[in-house]
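I have placed the structure first, in the form of structure tokens, so that the comments after it can refer back to it.
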Amino acid sequence: MDALAGLLEGPRARGAFMIRACFDPPWAVRVEDRAPLTVMLMVRGDAWIVPDAGERLRLSAGDLAIARGPDPYTCADDPATPPQAVILPGGECHYPDGRPLGGSMDLGVRTWGGRTDGGAVLLIGTYLVRGEIGGRLLDALPPLLSLPSNGWDNPLTPLLMTEVTRDEPGQEVVLDRLLDLLVITALRAWFAGPRAEPPAWYRALGDPVVGRALRLLQDDPAHPWTVASLAAKAGVSRAALARRFTDLVGEPPMAYLTGWRLAVAADRLRDTDDTLGAIARQVGYGSAFALSTAFKRVYGVSPQEYRKASA
């Protein structure tokens, strides 16, 4: 697993919210849906993304923005335009005074706004659930980032524009996978740029010693790793690995391994029907009870409660 693959493990949309938004100025939409990740691709016209805190961002045709939740923001033709609608959790849409929109801005299959041939058109994709491995990715991102059209190679826009308004069997799965591809393509370009600030563990993957140890842990969390066995694989002493790993990653090797194992377990609980015993074996715990105890200590709920809430 290379450094970027390790960071981009996830995102895997499941029933993501995806629409084509079409507007004529003046327009503004307040977003308070608390979604963990939202992608906005400007297809035509211009728009401003205005967070409650932080710098506002202007998008032109071909530009892409990624907003990391749960903080609210406003998307508008101009920062001074007052919101005409508010998007709440679950995709509910209200007027600013709290009255439900009641479908008044629906324009057809996954199309929303003023009119379908409006001067501003955005493709918006929203991940509704924070996956625990994806959480490592989310923690590596700023609240709002952008990629100008000349800063990345994006072949997906025409395909997305075609697929987003189709209404065929399995279409949600198609859109989920296209959204994943769009996010991975965009983040691969962003992490390669000068503005990216990847987390310590991601930077450490470039170290010849610690990177080797991290890849071993990530690729095979079920193995009964010890600091001594990792050090032997990395070709250094136990003390040298422990010191270097902690300095670069910010936590000792076994603490990192515990967090990684539980993150993988959380992902399996959300995305599979595997039994707790099977998941325990997959991530290096000797029994379902041992995994359940560690999981509850870190996440505050039992694995069964976590799976039920995720569903």
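Chain labels run A, B, ... following the order of the structure tokens; each chain numbers its residues from 1, and ligands are numbered from 1 in the order shown.
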
List as a tab-separated table every residue of region 30-90 of chain A that is in contact with region 148-156 of chain A, defined as an atom at most 7 Å from one of its atoms (using only C-alpha atoms), together with the nearest atom pair and the distance in Å rounded to one decimal, sorted by chain and then rising number.
residue	atom	partner	partner_atom	distance
A:Gly62	CA	A:Ser149	CA	4.6
A:Asp63	CA	A:Pro148	CA	4.5
A:Leu64	CA	A:Pro148	CA	6.5

ask   = Please, which residues of region 44-93 of chain A, numbered as in this document, come out strand (DSSP E) from DSSP, as a ChimeraX atom specification?
value = /A:44,47-51,57-59,64-68,73-76,85-87,93

Those residues with C-alpha atoms, as an mmCIF file, in the first residue's frame please?
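Writing the result to result.cif gives the following:
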data_model
loop_
_atom_site.group_PDB
_atom_site.id
_atom_site.type_symbol
_atom_site.label_atom_id
_atom_site.label_comp_id
_atom_site.auth_asym_id
_atom_site.auth_seq_id
_atom_site.Cartn_x
_atom_site.Cartn_y
_atom_site.Cartn_z
ATOM 1 C CA ARG A 44 -21.089 26.532 -15.700
ATOM 2 C CA ALA A 47 -20.202 30.795 -7.394
ATOM 3 C CA TRP A 48 -18.893 31.729 -3.947
ATOM 4 C CA ILE A 49 -18.496 29.332 -1.034
ATOM 5 C CA VAL A 50 -18.742 31.350 2.182
ATOM 6 C CA PRO A 51 -18.013 29.480 5.447
ATOM 7 C CA LEU A 57 -13.781 30.843 -1.938
ATOM 8 C CA ARG A 58 -14.736 31.697 -5.518
ATOM 9 C CA LEU A 59 -15.416 28.975 -8.065
ATOM 10 C CA LEU A 64 -13.873 22.036 -7.674
ATOM 11 C CA ALA A 65 -14.336 22.615 -3.950
ATOM 12 C CA ILE A 66 -14.455 20.116 -1.099
ATOM 13 C CA ALA A 67 -16.078 21.116 2.198
ATOM 14 C CA ARG A 68 -15.309 19.064 5.301
ATOM 15 C CA TYR A 73 -21.495 27.411 4.890
ATOM 16 C CA THR A 74 -23.340 29.343 2.199
ATOM 17 C CA CYS A 75 -23.092 28.807 -1.552
ATOM 18 C CA ALA A 76 -24.140 31.865 -3.570
ATOM 19 C CA ALA A 85 -33.107 28.093 1.024
ATOM 20 C CA VAL A 86 -31.522 26.103 3.855
ATOM 21 C CA ILE A 87 -30.404 22.491 3.483
ATOM 22 C CA CYS A 93 -34.890 21.820 2.439
#

key: Atomic distance CA of Leu181 (chain A) - CA of Pro143 (chain A), expressed in Å with one decimal   = 20.5 Å

task = May I have the residues within 6 Å of Leu269 (chain A) as a PyMOL selection string, using only C-alpha atoms and disregarding those fewer than 3 positions away in the same chain?
result = chain A and resi 266+272+307

Can you write out the residues you just picked, keeping N, CA, C and O atoms, as a compact mmCIF listing (two decimals), in the first residue's frame?
# COMPACT_ATOMS: atom_id res chain seq x y z
N ALA A 266 -14.33 -0.91 12.72
CA ALA A 266 -15.50 -0.04 12.57
C ALA A 266 -15.98 -0.03 11.12
O ALA A 266 -17.18 -0.05 10.84
N THR A 272 -20.09 -4.49 6.21
CA THR A 272 -20.27 -5.92 5.97
C THR A 272 -21.25 -6.49 6.99
O THR A 272 -21.61 -5.85 7.97
N ARG A 307 -22.80 -0.71 14.92
CA ARG A 307 -23.36 -1.25 13.68
C ARG A 307 -24.81 -0.83 13.50
O ARG A 307 -25.22 -0.44 12.39

inquiry  = Can you pull out every residue from region 85-310 of chain A that DSSP, working from the backbone, puts in helix (DSSP H, G or I), and format the result as a PyMOL selection string?
reply    = chain A and resi 89-91+132-139+149-151+157-163+171-191+200-204+210-219+227-234+238-249+253-271+276-283+288-299+303-310

Writing out the chosen residues with C-alpha atoms as a short mmCIF file (atom, residue, chain, number, x, y, z; two decimals), in the first residue's frame:
data_model
loop_
_atom_site.label_atom_id
_atom_site.label_comp_id
_atom_site.auth_asym_id
_atom_site.auth_seq_id
_atom_site.Cartn_x
_atom_site.Cartn_y
_atom_site.Cartn_z
CA PRO A 89 -29.58 16.98 7.74
CA GLY A 90 -31.26 14.24 5.77
CA GLY A 91 -31.59 16.42 2.69
CA GLU A 132 -13.82 5.40 10.41
CA ILE A 133 -10.95 4.77 8.00
CA GLY A 134 -12.25 7.73 6.02
CA GLY A 135 -11.96 9.65 9.25
CA ARG A 136 -8.19 9.60 8.84
CA LEU A 137 -8.68 11.24 5.47
CA LEU A 138 -11.12 13.81 6.82
CA ASP A 139 -8.76 14.75 9.60
CA SER A 149 -9.66 23.89 -13.47
CA ASN A 150 -6.07 24.30 -14.66
CA GLY A 151 -4.68 22.56 -11.57
CA THR A 157 -17.43 15.94 -15.63
CA PRO A 158 -19.17 14.89 -18.89
CA LEU A 159 -19.89 11.43 -17.51
CA LEU A 160 -21.25 12.84 -14.25
CA MET A 161 -23.47 15.31 -16.09
CA THR A 162 -24.92 12.43 -18.11
CA GLU A 163 -25.37 10.01 -15.25
CA GLN A 171 -28.24 4.22 -10.73
CA GLU A 172 -27.45 5.13 -7.13
CA VAL A 173 -24.61 2.62 -7.09
CA VAL A 174 -23.24 4.06 -10.35
CA LEU A 175 -23.30 7.57 -8.89
CA ASP A 176 -21.70 6.41 -5.64
CA ARG A 177 -18.75 4.97 -7.53
CA LEU A 178 -18.43 8.03 -9.77
CA LEU A 179 -18.41 10.26 -6.70
CA ASP A 180 -15.67 8.13 -5.15
CA LEU A 181 -13.61 8.45 -8.33
CA LEU A 182 -14.12 12.20 -8.43
CA VAL A 183 -13.02 12.63 -4.81
CA ILE A 184 -9.97 10.40 -5.17
CA THR A 185 -8.93 12.13 -8.41
CA ALA A 186 -9.30 15.54 -6.82
CA LEU A 187 -7.54 14.68 -3.57
CA ARG A 188 -4.68 13.00 -5.38
CA ALA A 189 -4.10 16.28 -7.21
CA TRP A 190 -4.54 18.35 -4.05
CA PHE A 191 -2.13 16.30 -1.93
CA ALA A 200 2.02 13.18 10.48
CA TRP A 201 1.45 9.49 9.75
CA TYR A 202 1.05 10.25 6.03
CA ARG A 203 4.30 12.21 5.93
CA ALA A 204 5.98 9.44 7.90
CA VAL A 210 8.94 4.33 9.76
CA GLY A 211 7.25 4.10 6.38
CA ARG A 212 8.15 0.43 6.19
CA ALA A 213 6.71 -0.17 9.65
CA LEU A 214 3.52 1.74 8.86
CA ARG A 215 2.92 -0.22 5.68
CA LEU A 216 3.38 -3.49 7.53
CA LEU A 217 0.81 -2.45 10.14
CA GLN A 218 -1.68 -1.14 7.60
CA ASP A 219 -1.39 -4.08 5.22
CA VAL A 227 7.86 -3.45 18.37
CA ALA A 228 10.65 -6.01 18.16
CA SER A 229 9.19 -7.78 15.11
CA LEU A 230 8.54 -4.46 13.37
CA ALA A 231 12.06 -3.30 14.10
CA ALA A 232 13.48 -6.52 12.66
CA LYS A 233 11.48 -6.02 9.45
CA ALA A 234 12.58 -2.37 9.26
CA ARG A 238 13.68 -1.81 18.81
CA ALA A 239 14.64 1.37 20.64
CA ALA A 240 15.50 3.18 17.41
CA LEU A 241 12.18 2.27 15.80
CA ALA A 242 10.12 3.20 18.86
CA ARG A 243 11.84 6.59 19.13
CA ARG A 244 11.71 7.40 15.42
CA PHE A 245 8.11 6.18 15.00
CA THR A 246 6.88 8.26 17.94
CA ASP A 247 8.76 11.35 16.74
CA LEU A 248 7.35 11.17 13.19
CA VAL A 249 3.85 9.75 13.75
CA PRO A 253 3.83 1.90 17.14
CA MET A 254 1.49 -0.23 19.25
CA ALA A 255 -0.82 2.71 19.95
CA TYR A 256 -1.02 3.38 16.22
CA LEU A 257 -1.73 -0.29 15.57
CA THR A 258 -4.58 -0.31 18.09
CA GLY A 259 -6.17 2.72 16.45
CA TRP A 260 -5.77 1.22 12.99
CA ARG A 261 -7.24 -2.13 14.04
CA LEU A 262 -10.28 -0.49 15.59
CA ALA A 263 -10.73 1.78 12.56
CA VAL A 264 -10.72 -1.25 10.27
CA ALA A 265 -13.14 -3.02 12.61
CA ALA A 266 -15.50 -0.04 12.57
CA ASP A 267 -15.40 -0.02 8.79
CA ARG A 268 -16.20 -3.75 8.67
CA LEU A 269 -19.08 -3.27 11.09
CA ARG A 270 -20.54 -0.59 8.87
CA ASP A 271 -19.94 -2.14 5.46
CA LEU A 276 -17.99 -9.84 15.46
CA GLY A 277 -15.83 -12.94 15.89
CA ALA A 278 -14.86 -12.90 12.20
CA ILE A 279 -14.04 -9.19 12.36
CA ALA A 280 -11.97 -9.75 15.50
CA ARG A 281 -9.86 -12.30 13.65
CA GLN A 282 -9.49 -9.97 10.64
CA VAL A 283 -8.04 -7.18 12.76
CA ALA A 288 -15.11 -11.04 19.97
CA PHE A 289 -15.04 -10.13 23.65
CA ALA A 290 -11.52 -8.67 23.40
CA LEU A 291 -12.48 -6.60 20.37
CA SER A 292 -15.72 -5.46 21.99
CA THR A 293 -13.91 -4.30 25.12
CA ALA A 294 -11.30 -2.33 23.16
CA PHE A 295 -13.88 -0.92 20.77
CA LYS A 296 -16.15 0.38 23.54
CA ARG A 297 -13.20 1.92 25.37
CA VAL A 298 -12.27 4.00 22.30
CA TYR A 299 -15.63 4.64 20.61
CA PRO A 303 -19.68 -2.85 18.27
CA GLN A 304 -23.33 -3.91 18.07
CA GLU A 305 -24.52 -0.42 18.97
CA TYR A 306 -22.12 1.08 16.43
CA ARG A 307 -23.36 -1.25 13.68
CA LYS A 308 -26.99 -0.48 14.47
CA ALA A 309 -26.37 3.28 14.43
CA SER A 310 -24.44 3.05 11.15
#

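Minimum atom-to-atom distance to Gly235 (chain A), evaluated using only C-alpha atoms, belongs to A:Pro208 out of A:Pro252, A:Pro36, A:Pro208, A:Gly45.
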
task = Can you work out the spacing between CA of Tyr95 (chain A) and CA of Gly119 (chain A) in Å, to one decimal?
result = 22.1 Å

request  = Determine, counting only C-alpha atoms, which protein, DNA and RNA residues have an atom within 7 Å of an atom of Met18 (chain A); residues of the same chain fewer than 5 positions away are not included. Present the result as a PyMOL selection string.
outcome  = chain A and resi 110+124-126

For the selection you just gave me, I'd like the residues written to a file as a PDB file, in the first residue's frame, keeping C-alpha atoms.
ATOM      1  CA  ARG A 110     -31.623  14.857  -9.169  1.00  0.00           C
ATOM      2  CA  ILE A 124     -22.910  18.473  -5.761  1.00  0.00           C
ATOM      3  CA  GLY A 125     -22.075  15.163  -4.134  1.00  0.00           C
ATOM      4  CA  THR A 126     -22.425  14.614  -0.394  1.00  0.00           C
TER       5      THR A 126
END

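For the pair CA of Gly300 (chain A) and CA of Pro72 (chain A), the interatomic distance is 26.1 Å.
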
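Residues with any atom within 8 Å of Gly114 (chain A), counting only C-alpha atoms and excluding same-chain neighbours fewer than 3 positions away, are Cys22, Phe23, Asp24, Met105, Leu107 and Gly118 of chain A.
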